[in-house]
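Below you'll find the structure, written out as structure tokens, and then a few comments.
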Amino acid sequence: MGDGTPSEDARAEAVVSLTGVYKVYELGQPVPVLDDLSLTLAEGSYTAIMGPSGSGKSTLLNLIGCLDAPTAGIVEIDGRDVTTLSEDERATVRGEKIGFVFQTFNLLPRLSSLENVALPLVFRGVAREERRDRAAELLERVGLEDRMDHRPTELSGGQRQRVAVARALVNRPTIVLADEPTGSLDSETSGQILDLLDRVHAAGNTVLLVTHERTVAERAERIVHVLDGTVESVEELGGRRTASANDRWT
Amino acid sequence: MDVIEALRMSWRSITDHKLRSALTTLGVIIGVAAVIAFVTLGASLQADIVQTLAGDTTDVMYVSAESQTEGEIGVLPSRGQAVFTDRDVDRIRRIDGVENAVPVGGFATAGVAHGDDTVGRQFVTVTTPGYFGVNDQTIVAGRTFRSGQREVVVNQQAARMFRGNVSVGDEITFTRAGSGEELNATVVGIAKSPDRSGRVQSLVGDDRPAIYAPADPYYERTVIAPSTRSEQRVYAQVLVRVDDVERIEAVQGRVYSYLTQRSDARVLKAQGNQFEVLTHEQIVDQIERISATFTAYITGVAVISLVVGAIGIANIILVSVTERTREIGVMKAIGARRRDIIQLFLLEAILLGLLGSAIGSVVGLASGALATAVIGLPLEVRPIWFVVAVVVGLLVGIASGLYPAWSAARTDPIEALRHE
Ligand SMILES: Nc1ncnc2c1ncn2[C@@H]1O[C@H](COP(=O)(O)OP(=O)(O)OP(=O)(O)O)[C@@H](O)[C@H]1O
Ligand SMILES: [Mg+2]
């Protein structure tokens, strides 16, 4: 993903593209969870996925996040087919191109905020100094400069999720994947996290968010409705803003 | 993933469960400590023996008839079966290359009295006047006892044993154990212990208090000698001094063939008993063999302890892997490859192994030092043991961590992330 790419082009470069993806689980009989699903995400876009429970949203996110491989079909990230990669190659792609934000934060309990944020860089072999600097910078951006040495248990839910967002961004990912990031938070803290994601998006990051709540989904530029493992409809939320992004982020 | 960071994370996981980690490493601690302690002891013993041999005259042989229990040292006068008659001793003395041979027997006393002080349970060595020459013992005061007289010689340790030190001319009374018969004797000489210092000396019994008495009139143990059909005294041991140390093996052979072919002892000894004709060197060999056997045995126990220790570590790492399934999933999601996960858990196991062997080394060295100090041996420490201990700790860690680490690395990230 070169920096010179002309963005905001009519057909902005697709950083993620799924073509005819199937995911079938064998449970006595084959159960298709994703059923001929196709989807593209443009660079710098902000997409929300909605759909009933069990419709395959998390499964879809896991495929894009290279945690899993489809039964059939092609998943491309940055134009590269990732379906045939080995487990370790997928791990490398995750480390380089994906940033995960989970509903339950999933921070490592024995590591401080700073160490949690720096951890993806550890697996990429980035030097210690650089790791620290980068992690500290991100914690500052999410407003946790005074919580760097706290362990997750010493943080509130909202603070933990901010650490998680910082961790998701530390490797300058191609795409940030957030599976119900506000699912464990009260509405006020949810708002803070969503504001944070807005800023992340405004800074040029591609964001894909799964949610059950319409109000949350409306923060995005478009909503993809998923039903029974396939895309039912795509709702463009026209006239989307440059809004709340304060430029501290860029 | 850089090792320093992996080390920090593994270390934190260990220190977060201090008690659990400590208990886990106990097996390794005990194993390593046992080996280090006994190897220290063994080496100190051998160092002492080497010192002993260096300054020793080795022209004395100990003849006895021993039951063939593995690893026994047949040199103490009370040991072995009393089978050597006066005639046997006489014949051995006349063997080519033998300078002198003296019988060594003895009896137990209920107590020995000197003035108004009594010492209980003292053993009295019974022999002939030639004993002191054969055994390299100088008479430092007075003279040797005469056969047929109520006279005794005591060594310096025995002289100091009584409240008022014994001096030449003093009377002592001993009570024969069993019969309770009271025997009087005049102390006519005080003997010095032989110059062979150290371990052999104490094993032979030379550094303990000793009272030496003439067989005539004090020794009562007799048999009808098969060769002469007359009543003769029998002894458990004969001490033989050779003319020439260089030819000691030849003399040893001749003594042995006399014993097995023409001696009274050959007829008198019990079926299962065998003649032993041992030089100092062979005694030392025997001691070394025993110490080697002992070390091998302890090493065996230690190996078992290490195996148990390794299983303990493996178990705790498996627990740790299960407890941290979700963490493993998270790490994989943010880019950890299999080798990163393996590294983390393997390091944890290795750290536990090394920790155990380090603590074990210290404990082992301390107990070894204590034991040698108590016995009075020079402490012998070789740095190589600690290198070996570290390597053992490393190997135990690797052996016990491999499977858990591998199973952690195989964890499916999606499953793991769903794990509660
Ligand atoms: N490992 C698996 N084995 C078998 N079935 C699975 C597996 N993982 C998911 N499924 C099934 O796939 C379907 C989709 O699951 P998924 O988690 O993607 O749903 P979702 O849309 O995220 O639901 P929710 O909104 O409740 O999180 C479900 O019916 C689930 O039971
Ligand atoms: Mg889901």
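Each chain in the structure tokens gets a letter, A, B and so on, in the order shown; residues start at 1 in every chain, and ligands are counted from 1 in the order they appear.
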Could you name the residues that touch segment 223-231 of chain B at 10 Å or less, counting only C-alpha atoms, but leaving out those on the same chain fewer than 6 positions away, as an mmCIF file with N, CA and C atoms, in the first residue's frame?
data_model
loop_
_atom_site.group_PDB
_atom_site.id
_atom_site.type_symbol
_atom_site.label_atom_id
_atom_site.label_comp_id
_atom_site.auth_asym_id
_atom_site.auth_seq_id
_atom_site.Cartn_x
_atom_site.Cartn_y
_atom_site.Cartn_z
ATOM 1 N N ALA B 82 37.502 -66.093 63.147
ATOM 2 C CA ALA B 82 38.765 -66.434 63.793
ATOM 3 C C ALA B 82 39.169 -67.844 63.369
ATOM 4 N N VAL B 83 40.122 -67.929 62.446
ATOM 5 C CA VAL B 83 40.514 -69.234 61.893
ATOM 6 C C VAL B 83 42.018 -69.452 61.862
ATOM 7 N N PHE B 84 42.794 -68.390 62.096
ATOM 8 C CA PHE B 84 44.244 -68.525 61.939
ATOM 9 C C PHE B 84 44.868 -68.976 63.255
ATOM 10 N N THR B 85 45.498 -70.145 63.232
ATOM 11 C CA THR B 85 46.090 -70.687 64.460
ATOM 12 C C THR B 85 47.505 -70.137 64.630
ATOM 13 N N ASP B 86 48.053 -70.346 65.838
ATOM 14 C CA ASP B 86 49.436 -69.938 66.101
ATOM 15 C C ASP B 86 50.374 -70.557 65.074
ATOM 16 N N ARG B 87 50.080 -71.822 64.734
ATOM 17 C CA ARG B 87 50.935 -72.511 63.757
ATOM 18 C C ARG B 87 50.861 -71.808 62.401
ATOM 19 N N ASP B 88 49.639 -71.391 62.011
ATOM 20 C CA ASP B 88 49.500 -70.682 60.731
ATOM 21 C C ASP B 88 50.352 -69.414 60.720
ATOM 22 N N ARG B 262 47.709 -75.455 52.719
ATOM 23 C CA ARG B 262 48.255 -76.209 53.846
ATOM 24 C C ARG B 262 47.860 -75.676 55.221
ATOM 25 N N SER B 263 47.130 -74.579 55.286
ATOM 26 C CA SER B 263 46.894 -73.954 56.587
ATOM 27 C C SER B 263 45.819 -74.662 57.407
ATOM 28 N N ASP B 264 45.829 -74.427 58.707
ATOM 29 C CA ASP B 264 44.746 -74.872 59.580
ATOM 30 C C ASP B 264 43.473 -74.099 59.229
ATOM 31 N N ALA B 265 43.693 -72.826 58.914
ATOM 32 C CA ALA B 265 42.568 -71.938 58.628
ATOM 33 C C ALA B 265 41.702 -72.481 57.504
ATOM 34 N N ARG B 266 42.364 -73.098 56.521
ATOM 35 C CA ARG B 266 41.667 -73.664 55.363
ATOM 36 C C ARG B 266 40.608 -74.668 55.826
ATOM 37 N N VAL B 267 40.938 -75.447 56.877
ATOM 38 C CA VAL B 267 40.006 -76.448 57.385
ATOM 39 C C VAL B 267 38.960 -75.788 58.300
ATOM 40 N N LEU B 268 39.440 -74.795 59.059
ATOM 41 C CA LEU B 268 38.577 -74.208 60.083
ATOM 42 C C LEU B 268 37.541 -73.232 59.530
#
Counting only C-alpha atoms, which residues of chain B fall within 8 Å of chain A, and what is the closest atom pair for each with its distance in Å at one decimal, ordered by chain and rising number, as CSV?
residue,atom,partner,partner_atom,distance
B:Met1,CA,A:Phe123,CA,4.9
B:Asp2,CA,A:Gly125,CA,6.6
B:Glu5,CA,A:Val122,CA,7.6
B:Arg12,CA,A:Arg110,CA,7.2
B:Ser13,CA,A:Arg110,CA,7.5
B:Arg326,CA,A:Asn106,CA,8.0
B:Glu327,CA,A:Leu108,CA,6.2
B:Val330,CA,A:Asn106,CA,6.4
B:Met331,CA,A:Pro120,CA,7.9
B:Lys332,CA,A:Ala91,CA,6.5
B:Ala333,CA,A:Arg94,CA,6.6
B:Ile334,CA,A:Gly95,CA,5.3
B:Gly335,CA,A:Gly95,CA,3.7
B:Ala336,CA,A:Phe123,CA,5.5
B:Arg337,CA,A:Asp88,CA,5.3
B:Arg338,CA,A:Asp88,CA,6.6
B:Asp340,CA,A:Phe123,CA,7.2
B:Pro413,CA,A:Leu67,CA,6.6
B:Ile414,CA,A:Leu67,CA,6.7
Pull the closest atom pair for each residue of chain A that gets at most 12 Å from ligand 1, along with the distance in Å to one decimal, counting only C-alpha atoms and all ligand atoms, ordering rows by chain and then ascending residue number, as a Markdown table.
| residue | atom | partner | partner_atom_place_in_ligand_line | distance |
| --- | --- | --- | --- | --- |
| A:Tyr22 | CA | ligand 1 | 12 (O) | 11.7 |
| A:Lys23 | CA | ligand 1 | 12 (O) | 8.7 |
| A:Val24 | CA | ligand 1 | 5 (N) | 8.2 |
| A:Tyr25 | CA | ligand 1 | 4 (C) | 5.0 |
| A:Glu26 | CA | ligand 1 | 4 (C) | 6.8 |
| A:Leu27 | CA | ligand 1 | 4 (C) | 6.3 |
| A:Gly28 | CA | ligand 1 | 4 (C) | 10.1 |
| A:Gln29 | CA | ligand 1 | 4 (C) | 10.6 |
| A:Pro30 | CA | ligand 1 | 4 (C) | 9.3 |
| A:Val31 | CA | ligand 1 | 5 (N) | 7.4 |
| A:Pro32 | CA | ligand 1 | 12 (O) | 7.8 |
| A:Val33 | CA | ligand 1 | 12 (O) | 5.0 |
| A:Leu34 | CA | ligand 1 | 14 (C) | 7.9 |
| A:Asp35 | CA | ligand 1 | 14 (C) | 11.1 |
| A:Ile49 | CA | ligand 1 | 21 (O) | 9.4 |
| A:Met50 | CA | ligand 1 | 21 (O) | 8.3 |
| A:Gly51 | CA | ligand 1 | 21 (O) | 6.6 |
| A:Pro52 | CA | ligand 1 | 25 (O) | 5.9 |
| A:Ser53 | CA | ligand 1 | 25 (O) | 3.5 |
| A:Gly54 | CA | ligand 1 | 19 (O) | 3.6 |
| A:Ser55 | CA | ligand 1 | 21 (O) | 4.1 |
| A:Gly56 | CA | ligand 1 | 18 (O) | 3.2 |
| A:Lys57 | CA | ligand 1 | 21 (O) | 3.7 |
| A:Ser58 | CA | ligand 1 | 22 (O) | 3.6 |
| A:Thr59 | CA | ligand 1 | 18 (O) | 3.7 |
| A:Leu60 | CA | ligand 1 | 18 (O) | 6.5 |
| A:Leu61 | CA | ligand 1 | 18 (O) | 8.0 |
| A:Asn62 | CA | ligand 1 | 18 (O) | 8.3 |
| A:Leu63 | CA | ligand 1 | 18 (O) | 10.0 |
| A:Leu67 | CA | ligand 1 | 1 (N) | 12.0 |
| A:Asp68 | CA | ligand 1 | 1 (N) | 10.2 |
| A:Phe102 | CA | ligand 1 | 27 (O) | 11.4 |
| A:Gln103 | CA | ligand 1 | 27 (O) | 10.0 |
| A:Ala178 | CA | ligand 1 | 22 (O) | 11.6 |
| A:Asp179 | CA | ligand 1 | 22 (O) | 8.2 |
| A:Glu180 | CA | ligand 1 | 27 (O) | 8.2 |
| A:Pro181 | CA | ligand 1 | 27 (O) | 11.7 |
| A:Gly183 | CA | ligand 1 | 27 (O) | 10.2 |
| A:Leu209 | CA | ligand 1 | 22 (O) | 11.6 |
| A:Val210 | CA | ligand 1 | 22 (O) | 8.2 |
| A:Thr211 | CA | ligand 1 | 25 (O) | 7.7 |
| A:His212 | CA | ligand 1 | 25 (O) | 7.0 |
| A:Glu213 | CA | ligand 1 | 25 (O) | 10.7 |
| A:His225 | CA | ligand 1 | 21 (O) | 10.8 |
| A:Val226 | CA | ligand 1 | 21 (O) | 8.2 |
| A:Leu227 | CA | ligand 1 | 21 (O) | 8.6 |
| A:Asp228 | CA | ligand 1 | 14 (C) | 8.5 |
| A:Gly229 | CA | ligand 1 | 14 (C) | 7.7 |
| A:Thr230 | CA | ligand 1 | 21 (O) | 10.8 |
DSSP-assigned strand (DSSP E or B) among segment 28-195 of chain B, expressed as a PyMOL selection string: chain B and resi 60-67+84-85+98-114+117-120+123-127+139-142+151-155+171-176+182-191
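The spacing separating atom CA of Met161 of chain B from atom CA of His280 of chain B amounts to 28.1 Å.
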